[in-house]
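Text of the file input.csv, holding CSV, C-alpha atoms (C1' of nucleotides):
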```
chain,number,residue,atom,x,y,z
A,1,MET,CA,6.7,-43.1,88.7
A,2,ASP,CA,4.5,-46.2,88.9
A,3,ILE,CA,5.7,-49.7,88.6
A,4,SER,CA,5.0,-50.1,84.9
A,5,GLU,CA,7.0,-47.0,84.1
A,6,ILE,CA,10.0,-48.5,85.9
A,7,ALA,CA,9.4,-51.8,84.1
A,8,LYS,CA,9.2,-50.1,80.8
A,9,GLN,CA,12.4,-48.2,81.3
A,10,THR,CA,14.5,-51.0,82.7
A,11,GLY,CA,13.0,-54.1,81.0
A,12,VAL,CA,12.5,-55.6,84.5
A,13,PRO,CA,9.0,-57.1,84.8
A,14,ALA,CA,6.7,-55.7,87.4
A,15,SER,CA,6.5,-59.0,89.1
A,16,THR,CA,10.3,-58.9,89.6
A,17,LEU,CA,10.1,-55.4,90.9
A,18,ARG,CA,7.6,-56.5,93.5
A,19,PHE,CA,9.8,-59.4,94.3
A,20,TYR,CA,12.8,-57.2,94.7
A,21,GLU,CA,11.0,-54.9,97.0
A,22,GLU,CA,9.9,-57.8,99.1
A,23,LYS,CA,13.5,-58.8,99.3
A,24,GLY,CA,14.5,-55.3,100.3
A,25,LEU,CA,16.5,-54.6,97.2
A,26,ILE,CA,14.5,-51.7,96.1
A,27,LYS,CA,12.0,-49.4,97.9
A,28,SER,CA,9.0,-47.5,96.8
A,29,VAL,CA,8.6,-44.1,98.2
A,30,GLY,CA,5.0,-44.5,99.0
A,31,ARG,CA,1.6,-45.4,97.6
A,32,SER,CA,-1.0,-43.8,95.5
A,33,GLY,CA,-4.0,-45.7,96.5
A,34,LEU,CA,-2.9,-49.2,96.3
A,35,ARG,CA,-0.2,-48.5,93.8
A,36,ARG,CA,3.5,-48.3,94.5
A,37,VAL,CA,5.2,-45.0,93.7
A,38,PHE,CA,8.9,-45.1,92.9
A,39,ALA,CA,11.5,-42.4,92.9
A,40,PRO,CA,13.6,-42.1,89.7
A,41,SER,CA,16.6,-43.2,91.8
A,42,ALA,CA,15.1,-46.6,91.7
A,43,LEU,CA,16.4,-46.8,88.2
A,44,GLU,CA,19.9,-46.3,89.3
A,45,ARG,CA,19.4,-48.8,92.0
A,46,LEU,CA,18.2,-51.3,89.5
A,47,ALA,CA,21.3,-50.6,87.3
A,48,LEU,CA,23.5,-51.5,90.2
A,49,ILE,CA,21.5,-54.6,90.9
A,50,ALA,CA,21.9,-55.6,87.3
A,51,LEU,CA,25.6,-55.1,87.5
A,52,GLY,CA,25.8,-57.2,90.6
A,53,ARG,CA,23.8,-60.0,89.0
A,54,ALA,CA,26.0,-59.8,85.9
A,55,ALA,CA,29.1,-60.1,88.2
A,56,GLY,CA,27.7,-63.2,89.7
A,57,PHE,CA,26.5,-61.9,93.1
A,58,SER,CA,23.4,-63.4,94.5
A,59,LEU,CA,20.5,-61.2,95.4
A,60,ASP,CA,21.2,-61.7,99.0
A,61,GLU,CA,24.8,-60.6,98.6
A,62,ILE,CA,23.6,-57.6,96.6
A,63,GLY,CA,21.1,-56.8,99.3
A,64,LYS,CA,23.9,-56.5,101.9
A,65,MET,CA,25.8,-54.0,99.7
A,66,PHE,CA,23.3,-51.3,100.4
A,67,ALA,CA,23.3,-49.5,103.7
A,68,PRO,CA,20.0,-49.2,105.5
A,69,ASP,CA,19.9,-45.6,104.4
A,70,GLY,CA,20.0,-46.7,100.7
A,71,LYS,CA,23.5,-45.6,99.8
A,72,PRO,CA,25.7,-48.3,98.4
A,73,ARG,CA,28.2,-49.3,101.0
A,74,ILE,CA,30.5,-51.7,99.3
A,75,ASP,CA,33.5,-53.6,100.5
A,76,ARG,CA,36.2,-52.8,97.9
A,77,ARG,CA,37.9,-56.1,98.7
A,78,VAL,CA,34.8,-58.0,97.8
A,79,LEU,CA,34.7,-56.2,94.5
A,80,SER,CA,38.3,-56.8,93.7
A,81,ASP,CA,37.9,-60.5,94.5
A,82,LYS,CA,34.9,-60.8,92.3
A,83,ALA,CA,36.8,-59.0,89.5
A,84,ALA,CA,39.6,-61.5,89.8
A,85,GLU,CA,37.1,-64.3,89.7
A,86,LEU,CA,35.6,-62.8,86.6
A,87,ASP,CA,39.0,-62.6,85.0
A,88,ALA,CA,39.4,-66.3,85.5
A,89,THR,CA,36.0,-67.0,84.1
A,90,ILE,CA,36.7,-64.8,81.1
A,91,ARG,CA,39.9,-66.7,80.3
A,92,ARG,CA,38.2,-70.0,80.6
A,93,LEU,CA,35.3,-68.9,78.4
A,94,GLY,CA,37.8,-67.8,75.9
A,95,ALA,CA,39.2,-71.3,75.8
A,96,VAL,CA,35.7,-72.7,75.5
A,97,ARG,CA,34.9,-70.4,72.6
A,98,ASP,CA,38.1,-71.4,70.9
A,99,SER,CA,37.4,-75.0,71.4
A,100,LEU,CA,34.0,-74.5,69.8
A,101,LYS,CA,35.3,-72.6,66.9
A,102,HIS,CA,38.0,-75.2,66.3
A,103,ALA,CA,35.5,-78.1,66.5
A,104,ALA,CA,33.4,-76.3,64.0
A,105,VAL,CA,36.1,-76.3,61.4
A,106,CYS,CA,38.4,-79.2,62.3
A,107,PRO,CA,38.3,-82.0,59.8
A,108,ALA,CA,39.6,-84.7,62.2
A,109,PRO,CA,37.3,-87.7,62.2
A,110,SER,CA,37.0,-87.6,66.0
A,111,HIS,CA,37.6,-84.4,67.8
A,112,MET,CA,39.4,-86.2,70.5
A,113,GLU,CA,42.0,-87.3,68.1
A,114,CYS,CA,42.9,-83.7,67.3
A,115,PRO,CA,45.7,-82.3,69.4
A,116,THR,CA,44.6,-78.8,69.1
A,117,PHE,CA,41.2,-79.7,70.4
A,118,ARG,CA,42.6,-81.6,73.3
A,119,ARG,CA,44.8,-78.8,74.2
A,120,LEU,CA,41.9,-76.3,74.3
A,121,LEU,CA,39.8,-78.8,76.1
A,122,ALA,CA,42.4,-79.1,78.8
A,123,ILE,CA,41.9,-75.4,79.6
A,124,ALA,CA,38.1,-75.3,79.0
A,125,ALA,CA,37.4,-78.3,81.1
A,126,PRO,CA,40.4,-78.9,83.4
A,127,GLY,CA,41.0,-82.4,84.5
A,128,ALA,CA,39.0,-83.8,81.7
A,129,VAL,CA,41.8,-84.9,79.4
A,130,ASP,CA,45.2,-86.5,79.7
A,131,ARG,CA,45.2,-87.6,83.2
A,132,LYS,CA,47.4,-90.6,83.7
A,133,VAL,CA,45.7,-93.7,84.9
A,134,GLY,CA,46.1,-95.4,88.2
A,135,ARG,CA,49.7,-96.4,89.2
A,136,THR,CA,49.3,-95.9,93.0
A,137,SER,CA,47.7,-92.8,91.5
A,138,SER,CA,47.4,-89.2,92.7
A,139,LYS,CA,44.4,-88.6,94.9
A,140,LYS,CA,43.5,-85.3,93.5
A,141,PRO,CA,40.4,-85.4,91.4
A,142,GLY,CA,40.2,-83.3,88.2
A,143,VAL,CA,37.4,-80.9,88.4
A,144,MET,CA,35.4,-81.6,85.3
A,145,ALA,CA,32.4,-80.1,87.0
A,146,VAL,CA,31.5,-76.8,85.5
A,147,SER,CA,32.5,-74.1,88.0
A,148,LYS,CA,30.7,-70.9,88.1
A,149,ALA,CA,28.7,-68.6,85.9
A,150,ARG,CA,25.0,-68.0,85.9
A,151,ARG,CA,21.9,-68.7,84.0
A,152,ARG,CA,18.5,-67.3,84.5
B,1,MET,CA,36.4,-99.2,85.3
B,2,ASP,CA,33.8,-98.8,88.0
B,3,ILE,CA,31.8,-95.8,88.8
B,4,SER,CA,34.1,-94.6,91.6
B,5,GLU,CA,37.1,-94.8,89.3
B,6,ILE,CA,35.4,-92.5,86.8
B,7,ALA,CA,34.3,-90.2,89.6
B,8,LYS,CA,37.8,-90.0,91.0
B,9,GLN,CA,39.4,-89.2,87.6
B,10,THR,CA,36.8,-86.7,86.5
B,11,GLY,CA,35.7,-85.1,89.7
B,12,VAL,CA,32.1,-85.8,88.7
B,13,PRO,CA,30.2,-87.4,91.6
B,14,ALA,CA,28.8,-90.9,91.2
B,15,SER,CA,25.3,-89.6,91.7
B,16,THR,CA,25.8,-87.3,88.7
B,17,LEU,CA,27.2,-90.1,86.6
B,18,ARG,CA,24.1,-92.2,87.3
B,19,PHE,CA,22.0,-89.2,86.5
B,20,TYR,CA,23.8,-88.7,83.2
B,21,GLU,CA,23.4,-92.3,82.3
B,22,GLU,CA,19.7,-92.1,83.0
B,23,LYS,CA,19.5,-89.1,80.7
B,24,GLY,CA,21.4,-91.0,78.0
B,25,LEU,CA,24.5,-88.8,78.1
B,26,ILE,CA,26.8,-91.6,79.0
B,27,LYS,CA,26.6,-95.3,78.8
B,28,SER,CA,28.1,-98.1,80.8
B,29,VAL,CA,29.3,-101.1,78.8
B,30,GLY,CA,27.7,-103.6,81.2
B,31,ARG,CA,27.4,-104.7,84.7
B,32,SER,CA,29.6,-106.7,87.1
B,33,GLY,CA,26.9,-108.0,89.4
B,34,LEU,CA,25.0,-104.9,90.3
B,35,ARG,CA,27.8,-102.6,89.4
B,36,ARG,CA,28.1,-100.5,86.4
B,37,VAL,CA,31.2,-101.0,84.3
B,38,PHE,CA,32.5,-98.1,82.2
B,39,ALA,CA,34.8,-98.1,79.2
B,40,PRO,CA,37.7,-95.5,79.4
B,41,SER,CA,36.0,-93.7,76.5
B,42,ALA,CA,33.5,-92.5,79.1
B,43,LEU,CA,36.2,-90.1,80.3
B,44,GLU,CA,36.3,-88.5,76.9
B,45,ARG,CA,32.6,-88.3,76.7
B,46,LEU,CA,32.5,-86.6,80.0
B,47,ALA,CA,35.2,-84.1,78.8
B,48,LEU,CA,32.9,-83.3,75.9
B,49,ILE,CA,30.0,-82.9,78.2
B,50,ALA,CA,31.9,-80.6,80.5
B,51,LEU,CA,32.9,-78.5,77.5
B,52,GLY,CA,29.3,-78.3,76.4
B,53,ARG,CA,28.2,-77.3,79.8
B,54,ALA,CA,30.9,-74.7,80.0
B,55,ALA,CA,29.7,-73.3,76.7
B,56,GLY,CA,26.2,-72.9,78.0
B,57,PHE,CA,24.5,-75.9,76.4
B,58,SER,CA,21.8,-77.6,78.4
B,59,LEU,CA,22.1,-81.3,79.1
B,60,ASP,CA,19.3,-81.9,76.7
B,61,GLU,CA,21.1,-80.1,73.9
B,62,ILE,CA,24.3,-81.9,74.6
B,63,GLY,CA,22.4,-85.2,74.5
B,64,LYS,CA,21.3,-84.4,71.0
B,65,MET,CA,24.9,-83.9,69.9
B,66,PHE,CA,25.8,-87.5,70.2
B,67,ALA,CA,24.6,-89.9,67.5
B,68,PRO,CA,22.9,-93.1,68.7
B,69,ASP,CA,26.1,-94.9,67.9
B,70,GLY,CA,27.9,-92.8,70.4
B,71,LYS,CA,30.1,-90.7,68.1
B,72,PRO,CA,29.7,-87.0,68.4
B,73,ARG,CA,27.7,-85.7,65.5
B,74,ILE,CA,27.7,-82.0,65.8
B,75,ASP,CA,26.2,-79.3,63.8
B,76,ARG,CA,29.0,-76.9,63.0
B,77,ARG,CA,26.6,-74.1,62.6
B,78,VAL,CA,25.4,-74.5,66.2
B,79,LEU,CA,28.9,-74.5,67.4
B,80,SER,CA,29.8,-71.3,65.5
B,81,ASP,CA,26.6,-69.6,66.8
B,82,LYS,CA,27.5,-70.6,70.4
B,83,ALA,CA,31.0,-69.3,69.9
B,84,ALA,CA,29.7,-66.0,68.8
B,85,GLU,CA,27.4,-65.9,71.7
B,86,LEU,CA,30.3,-66.6,74.0
B,87,ASP,CA,32.2,-63.8,72.4
B,88,ALA,CA,29.5,-61.4,73.3
B,89,THR,CA,29.3,-62.8,76.8
B,90,ILE,CA,33.0,-62.4,77.2
B,91,ARG,CA,32.9,-58.8,76.2
B,92,ARG,CA,30.1,-58.0,78.5
B,93,LEU,CA,31.9,-59.8,81.4
B,94,GLY,CA,34.9,-57.7,80.6
B,95,ALA,CA,32.9,-54.6,81.1
B,96,VAL,CA,31.4,-56.0,84.3
B,97,ARG,CA,34.9,-56.8,85.6
B,98,ASP,CA,36.1,-53.3,84.7
B,99,SER,CA,33.1,-51.7,86.4
B,100,LEU,CA,33.9,-53.7,89.5
B,101,LYS,CA,37.6,-52.8,89.5
B,102,HIS,CA,36.7,-49.2,89.0
B,103,ALA,CA,34.1,-49.1,91.7
B,104,ALA,CA,36.8,-50.7,94.0
B,105,VAL,CA,39.1,-47.7,93.6
B,106,CYS,CA,36.9,-44.8,92.5
B,107,PRO,CA,36.8,-42.1,95.2
B,108,ALA,CA,33.5,-40.5,93.9
B,109,PRO,CA,31.0,-40.2,96.8
B,110,SER,CA,28.4,-42.0,94.8
B,111,HIS,CA,29.4,-44.3,92.0
B,112,MET,CA,26.6,-43.1,89.9
B,113,GLU,CA,28.1,-39.7,89.8
B,114,CYS,CA,31.3,-41.0,88.2
B,115,PRO,CA,31.2,-40.8,84.4
B,116,THR,CA,33.6,-43.7,84.0
B,117,PHE,CA,31.5,-45.9,86.1
B,118,ARG,CA,28.4,-44.9,84.2
B,119,ARG,CA,30.1,-45.6,80.9
B,120,LEU,CA,31.1,-49.1,82.0
B,121,LEU,CA,27.7,-49.7,83.4
B,122,ALA,CA,26.1,-48.9,80.1
B,123,ILE,CA,28.0,-51.9,78.6
B,124,ALA,CA,27.7,-54.1,81.6
B,125,ALA,CA,24.0,-53.6,82.1
B,126,PRO,CA,22.6,-52.2,78.9
B,127,GLY,CA,19.6,-50.1,79.1
B,128,ALA,CA,20.2,-49.4,82.8
B,129,VAL,CA,21.6,-45.9,82.5
B,130,ASP,CA,21.1,-42.8,80.5
B,131,ARG,CA,17.8,-43.5,79.0
B,132,LYS,CA,15.9,-40.5,78.1
B,133,VAL,CA,12.6,-40.2,80.0
B,134,GLY,CA,9.2,-40.3,78.4
B,135,ARG,CA,8.4,-37.7,75.7
B,136,THR,CA,6.0,-39.9,73.6
B,137,SER,CA,8.8,-42.2,74.4
B,138,SER,CA,10.4,-45.1,72.5
B,139,LYS,CA,8.7,-48.3,73.1
B,140,LYS,CA,11.8,-50.5,73.3
B,141,PRO,CA,12.6,-51.5,76.8
B,142,GLY,CA,16.2,-51.6,78.0
B,143,VAL,CA,17.1,-55.1,78.9
B,144,MET,CA,18.4,-54.7,82.4
B,145,ALA,CA,17.7,-58.3,83.0
B,146,VAL,CA,20.8,-60.3,83.2
B,147,SER,CA,21.0,-62.3,80.0
B,148,LYS,CA,22.8,-65.6,80.0
B,149,ALA,CA,25.4,-67.4,81.8
B,150,ARG,CA,25.4,-70.3,84.2
B,151,ARG,CA,25.8,-71.2,87.8
B,152,ARG,CA,26.0,-74.5,89.7
C,1,DG,C1',-22.3,-45.8,84.8
C,2,DT,C1',-19.9,-49.5,83.4
C,3,DA,C1',-16.3,-52.3,81.7
C,4,DA,C1',-11.7,-53.1,80.7
C,5,DA,C1',-7.0,-52.2,82.1
C,6,DA,C1',-3.7,-52.0,85.6
C,7,DC,C1',-2.6,-52.6,89.9
C,8,DC,C1',-2.7,-55.2,94.4
C,9,DT,C1',-1.6,-59.6,97.9
C,10,DC,C1',-0.4,-64.1,99.0
C,11,DA,C1',0.4,-68.8,98.1
C,12,DA,C1',2.0,-72.0,95.1
C,13,DG,C1',4.3,-73.4,90.9
C,14,DT,C1',8.4,-73.6,87.7
C,15,DC,C1',13.0,-74.8,85.9
C,16,DA,C1',17.5,-77.3,85.5
C,17,DA,C1',20.7,-80.0,87.3
C,18,DC,C1',21.5,-82.4,90.7
C,19,DT,C1',21.5,-84.4,95.6
C,20,DT,C1',19.6,-87.0,99.3
C,21,DG,C1',17.4,-90.7,101.6
C,22,DA,C1',15.3,-95.0,102.4
C,23,DG,C1',15.8,-99.6,101.8
C,24,DG,C1',18.3,-103.3,99.5
C,25,DT,C1',22.4,-106.3,97.2
C,26,DC,C1',26.9,-108.1,97.2
C,27,DA,C1',32.0,-109.1,97.7
C,28,DA,C1',35.8,-109.1,100.7
C,29,DG,C1',38.4,-109.0,104.8
C,30,DA,C1',38.9,-110.1,110.1
D,1,DT,C1',30.4,-115.9,109.8
D,2,DC,C1',29.7,-111.5,110.1
D,3,DT,C1',30.1,-106.9,109.1
D,4,DT,C1',31.6,-103.2,106.6
D,5,DG,C1',31.6,-100.5,102.7
D,6,DA,C1',30.8,-99.7,97.9
D,7,DC,C1',27.4,-100.1,95.0
D,8,DC,C1',22.3,-100.3,93.5
D,9,DT,C1',17.1,-98.3,92.6
D,10,DC,C1',13.5,-95.1,92.9
D,11,DA,C1',11.2,-91.3,94.8
D,12,DA,C1',11.4,-87.0,96.7
D,13,DG,C1',13.9,-82.9,98.0
D,14,DT,C1',17.0,-78.7,97.1
D,15,DT,C1',18.3,-74.1,95.3
D,16,DG,C1',17.7,-69.3,93.5
D,17,DA,C1',15.3,-66.3,91.1
D,18,DC,C1',11.4,-65.6,89.6
D,19,DT,C1',6.5,-66.4,87.5
D,20,DT,C1',1.7,-67.6,87.7
D,21,DG,C1',-2.8,-67.7,89.4
D,22,DA,C1',-6.8,-66.7,92.1
D,23,DG,C1',-9.3,-63.4,94.0
D,24,DG,C1',-9.8,-58.4,95.0
D,25,DT,C1',-9.5,-53.1,94.3
D,26,DT,C1',-8.9,-48.8,91.6
D,27,DT,C1',-8.3,-46.0,87.8
D,28,DT,C1',-9.1,-44.8,83.1
D,29,DA,C1',-11.8,-44.8,78.9
D,30,DC,C1',-15.9,-44.6,76.7
```

Take the structure in the file and give it back as structure tokens.
Amino acid sequence: MDISEIAKQTGVPASTLRFYEEKGLIKSVGRSGLRRVFAPSALERLALIALGRAAGFSLDEIGKMFAPDGKPRIDRRVLSDKAAELDATIRRLGAVRDSLKHAAVCPAPSHMECPTFRRLLAIAAPGAVDRKVGRTSSKKPGVMAVSKARRR
Amino acid sequence: MDISEIAKQTGVPASTLRFYEEKGLIKSVGRSGLRRVFAPSALERLALIALGRAAGFSLDEIGKMFAPDGKPRIDRRVLSDKAAELDATIRRLGAVRDSLKHAAVCPAPSHMECPTFRRLLAIAAPGAVDRKVGRTSSKKPGVMAVSKARRR
DNA sequence: GTAAAACCTCAAGTCAACTTGAGGTCAAGA
DNA sequence: TCTTGACCTCAAGTTGACTTGAGGTTTTAC
């Protein structure tokens, strides 16, 4: 299969496939003239890569999950940890979604005056609301900074 | 309140607060000498910003959600749409998590040989598995590319 | 036989959201 | 007084994952 065939079937652009090959994430089985030739197994490999990306692994991390022989050799512990992390992310996103939905219908003049909204916000953006001020205050900062997820 | 007080209470670094001010996302009420002075309402504003970020809005989008007077003026439609988008993301992440969990325990020699894994993968990374090959084939590419989420 | 399409390499550019660094100001404590 | 530390500005750098572009070759279509 040539690069455009892989691109067509996976939706991954040819430029990305070349980039992945350069990074060692996929391999072509040879060349036909200049052109790369891929085995169909590249499709599976790309599916695994897509899964890894969706789970929040970096390309470098994903690269290390394949043994030099090409077979996936994955640390089960790492997977479980990531699954747990995803669980937390999912819960937080649920609160975010609920906050959004609530804000979309809540008639309160200012959302911050709405107890429901504040409660959701406390989960969605921990540390952002209701911290007591000063008073020889607690050193621990609230983490308003958005934690982890991924874009582009 | 000075910038370090805000930073301490929200966990957002001072450099980020200056950056946000420059972008028009937050405002200081004045200066004490060189130093910015913030009203406590900045904390609420930052909570809203954190929510927006968590929901996947860009800083520019968030900026447009505040009227010039400072009050949030939010398009309910936009919120509902984003909530729906989050719903989809949450479902997909659930499948990703399940794939990971399964891969962590599945004894199959190659994960791709495991039907359960393949089924989950089909949801986690749509288009990645089981597409029929060629045959005057369908033009639509599978989108193996990771869609949306956020990191950093 | 010739031109357009499809591929190639390699270097450089892009994007968002910040961070870092150099160089400077200012108030408070020893 | 002096020096430390918290703050300031503005420009430039960082990160990860790609994309784009220039310049070149090959394959396919007429």

Exercise for review: Select residues of chain B: the criterion is any atom within 10 Å of an atom of chain D, counting only C-alpha atoms (C1' of nucleotides); output as an MDAnalysis selection string.
Suggested key: chainID B and resid 2:4 33:36 152

Check your understanding: Hey, what's within 9 Å of stretch 56-69 of chain B if we count all atoms listed in the file and toss same-chain stuff fewer than 2 positions away? As a list in words, please?
Key -> Arg151 of chain A; Tyr20, Lys23, Gly24, Leu25, Ile26, Leu48, Ile49, Leu51, Gly52, Arg53, Ala54, Lys71, Pro72, Arg73, Ile74, Asp75, Lys82, Leu86, Lys148, Ala149 and Arg150 of chain B; DA16 and DA17 of chain C

Can you move chain B onto chain A by a least-squares fit over all C-alpha atoms paired in order, then give me the moved copy as a compact mmCIF listing (two decimals) with C-alpha atoms, in the frame of the given file?
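Output saved as selection-v3.txt:
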```txt
# COMPACT_ATOMS: atom_id res chain seq x y z
CA MET B 1 6.75 -43.05 88.77
CA ASP B 2 4.59 -46.14 88.90
CA ILE B 3 5.66 -49.67 88.65
CA SER B 4 4.93 -49.98 84.92
CA GLU B 5 7.02 -46.90 84.20
CA ILE B 6 10.01 -48.47 85.92
CA ALA B 7 9.36 -51.76 84.16
CA LYS B 8 9.18 -50.08 80.79
CA GLN B 9 12.46 -48.13 81.29
CA THR B 10 14.42 -50.99 82.77
CA GLY B 11 13.00 -54.01 81.06
CA VAL B 12 12.54 -55.61 84.47
CA PRO B 13 9.02 -57.07 84.79
CA ALA B 14 6.67 -55.69 87.42
CA SER B 15 6.50 -59.06 89.10
CA THR B 16 10.29 -58.94 89.55
CA LEU B 17 10.17 -55.42 90.90
CA ARG B 18 7.64 -56.50 93.54
CA PHE B 19 9.83 -59.45 94.29
CA TYR B 20 12.86 -57.22 94.71
CA GLU B 21 11.00 -54.91 96.96
CA GLU B 22 9.91 -57.81 99.11
CA LYS B 23 13.53 -58.88 99.37
CA GLY B 24 14.54 -55.34 100.35
CA LEU B 25 16.56 -54.64 97.20
CA ILE B 26 14.48 -51.72 96.17
CA LYS B 27 12.09 -49.49 97.92
CA SER B 28 9.07 -47.54 96.83
CA VAL B 29 8.70 -44.07 98.33
CA GLY B 30 4.99 -44.57 99.09
CA ARG B 31 1.70 -45.49 97.73
CA SER B 32 -0.92 -43.73 95.58
CA GLY B 33 -3.97 -45.67 96.69
CA LEU B 34 -2.89 -49.24 96.28
CA ARG B 35 -0.14 -48.41 93.88
CA ARG B 36 3.47 -48.30 94.56
CA VAL B 37 5.23 -45.05 93.77
CA PHE B 38 8.94 -45.13 92.89
CA ALA B 39 11.52 -42.37 92.99
CA PRO B 40 13.70 -42.10 89.77
CA SER B 41 16.65 -43.20 91.93
CA ALA B 42 15.12 -46.67 91.72
CA LEU B 43 16.41 -46.81 88.14
CA GLU B 44 19.93 -46.37 89.39
CA ARG B 45 19.48 -48.92 92.05
CA LEU B 46 18.26 -51.36 89.54
CA ALA B 47 21.33 -50.60 87.30
CA LEU B 48 23.49 -51.49 90.29
CA ILE B 49 21.55 -54.62 90.86
CA ALA B 50 21.84 -55.67 87.26
CA LEU B 51 25.59 -55.10 87.44
CA GLY B 52 25.80 -57.21 90.55
CA ARG B 53 23.84 -59.94 88.96
CA ALA B 54 25.98 -59.80 85.88
CA ALA B 55 29.04 -60.15 88.08
CA GLY B 56 27.70 -63.29 89.65
CA PHE B 57 26.48 -61.94 92.99
CA SER B 58 23.38 -63.52 94.44
CA LEU B 59 20.44 -61.31 95.31
CA ASP B 60 21.20 -61.87 98.93
CA GLU B 61 24.75 -60.64 98.54
CA ILE B 62 23.67 -57.65 96.59
CA GLY B 63 21.14 -56.85 99.32
CA LYS B 64 23.95 -56.68 101.80
CA MET B 65 25.78 -54.12 99.68
CA PHE B 66 23.31 -51.40 100.32
CA ALA B 67 23.38 -49.65 103.69
CA PRO B 68 20.03 -49.30 105.50
CA ASP B 69 20.01 -45.70 104.41
CA GLY B 70 20.00 -46.79 100.84
CA LYS B 71 23.49 -45.68 99.76
CA PRO B 72 25.70 -48.36 98.39
CA ARG B 73 28.24 -49.35 100.96
CA ILE B 74 30.53 -51.76 99.30
CA ASP B 75 33.48 -53.64 100.43
CA ARG B 76 36.22 -52.91 97.94
CA ARG B 77 37.92 -56.11 98.75
CA VAL B 78 34.85 -58.11 97.68
CA LEU B 79 34.69 -56.23 94.50
CA SER B 80 38.38 -56.84 93.67
CA ASP B 81 37.97 -60.57 94.51
CA LYS B 82 34.91 -60.79 92.19
CA ALA B 83 36.83 -59.03 89.47
CA ALA B 84 39.59 -61.50 89.71
CA GLU B 85 37.14 -64.28 89.62
CA LEU B 86 35.60 -62.81 86.52
CA ASP B 87 39.00 -62.62 84.97
CA ALA B 88 39.45 -66.29 85.40
CA THR B 89 35.98 -66.96 84.08
CA ILE B 90 36.69 -64.87 81.06
CA ARG B 91 39.81 -66.76 80.26
CA ARG B 92 38.16 -70.07 80.60
CA LEU B 93 35.24 -68.90 78.37
CA GLY B 94 37.81 -67.85 75.86
CA ALA B 95 39.16 -71.32 75.74
CA VAL B 96 35.64 -72.75 75.52
CA ARG B 97 34.87 -70.41 72.61
CA ASP B 98 38.10 -71.40 70.87
CA SER B 99 37.39 -75.10 71.37
CA LEU B 100 33.99 -74.57 69.82
CA LYS B 101 35.32 -72.62 66.83
CA HIS B 102 37.93 -75.26 66.31
CA ALA B 103 35.57 -78.16 66.55
CA ALA B 104 33.38 -76.26 63.95
CA VAL B 105 36.14 -76.40 61.34
CA CYS B 106 38.45 -79.24 62.37
CA PRO B 107 38.33 -82.06 59.80
CA ALA B 108 39.69 -84.76 62.25
CA PRO B 109 37.34 -87.80 62.23
CA SER B 110 37.04 -87.64 65.96
CA HIS B 111 37.67 -84.42 67.79
CA MET B 112 39.43 -86.22 70.51
CA GLU B 113 42.09 -87.27 68.13
CA CYS B 114 42.98 -83.66 67.31
CA PRO B 115 45.79 -82.33 69.49
CA THR B 116 44.59 -78.75 69.18
CA PHE B 117 41.20 -79.65 70.35
CA ARG B 118 42.62 -81.60 73.25
CA ARG B 119 44.83 -78.70 74.23
CA LEU B 120 41.88 -76.30 74.29
CA LEU B 121 39.81 -78.79 76.14
CA ALA B 122 42.39 -79.04 78.86
CA ILE B 123 41.80 -75.30 79.58
CA ALA B 124 38.12 -75.34 78.95
CA ALA B 125 37.38 -78.36 81.08
CA PRO B 126 40.33 -78.89 83.36
CA GLY B 127 41.01 -82.29 84.53
CA ALA B 128 38.97 -83.80 81.69
CA VAL B 129 41.82 -84.90 79.46
CA ASP B 130 45.24 -86.35 79.72
CA ARG B 131 45.19 -87.55 83.22
CA LYS B 132 47.48 -90.33 83.88
CA VAL B 133 45.68 -93.51 85.00
CA GLY B 134 46.09 -95.10 88.38
CA ARG B 135 49.60 -96.17 89.46
CA THR B 136 49.14 -95.59 93.27
CA SER B 137 47.57 -92.60 91.74
CA SER B 138 47.28 -88.96 92.87
CA LYS B 139 44.36 -88.37 95.02
CA LYS B 140 43.34 -84.99 93.59
CA PRO B 141 40.33 -85.24 91.40
CA GLY B 142 40.12 -83.22 88.19
CA VAL B 143 37.29 -80.81 88.44
CA MET B 144 35.32 -81.58 85.33
CA ALA B 145 32.33 -80.07 86.93
CA VAL B 146 31.45 -76.82 85.42
CA SER B 147 32.41 -74.16 87.93
CA LYS B 148 30.54 -70.90 87.98
CA ALA B 149 28.55 -68.75 85.81
CA ARG B 150 24.89 -67.92 85.60
CA ARG B 151 21.80 -68.54 83.59
CA ARG B 152 18.26 -67.12 83.68
```

Point to revise | Point-to-point distance in Å for atom CA of B:Leu43 and atom CA of B:Thr10 | key: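 Distance between the two atoms: 7.1 Å.
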
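Coordinates place atom CA of A:Glu44 at a distance of 11.4 Å from atom CA of A:Gly70.
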
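The chain C residues that come within 10 Å of chain B are C:DA16, C:DA17, C:DC18, C:DT19, C:DT20, C:DT25, C:DC26, C:DA27, with all atoms listed in the file taken into account.
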
Practice item. Figure out the distance between atom CA of B:Arg97 and atom CA of B:Ala122, please, to one decimal in Å. Key: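 So the two atoms, atom CA of B:Ala122 and atom CA of B:Arg97, lie 13.0 Å apart.
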
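Within 12 Å of the point (6.7, -46.8, 96.9), and counting all atoms listed in the file, the protein, DNA and RNA residues are Met1, Asp2, Ile3, Ile6, Leu17, Arg18, Glu21, Glu22, Ile26, Lys27, Ser28, Val29, Gly30, Arg31, Ser32, Gly33, Leu34, Arg35, Arg36, Val37, Phe38, Ala39, Pro40, Ser41 and Ala42 of chain A.
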
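Of the residues under consideration (B:Leu100, B:Ala108, B:Asp81, B:Ala95), B:Leu100 shows the shortest atom-to-atom contact distance to chain A when counting all atoms listed in the file.
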
Point to revise | Nearby residues (all atoms listed in the file) at most 12 Å from A:Thr116, same-chain spacing under 2 positions excluded, as an MDAnalysis selection string | key: chainID A and resid 95 98:103 105:108 111:114 118:123
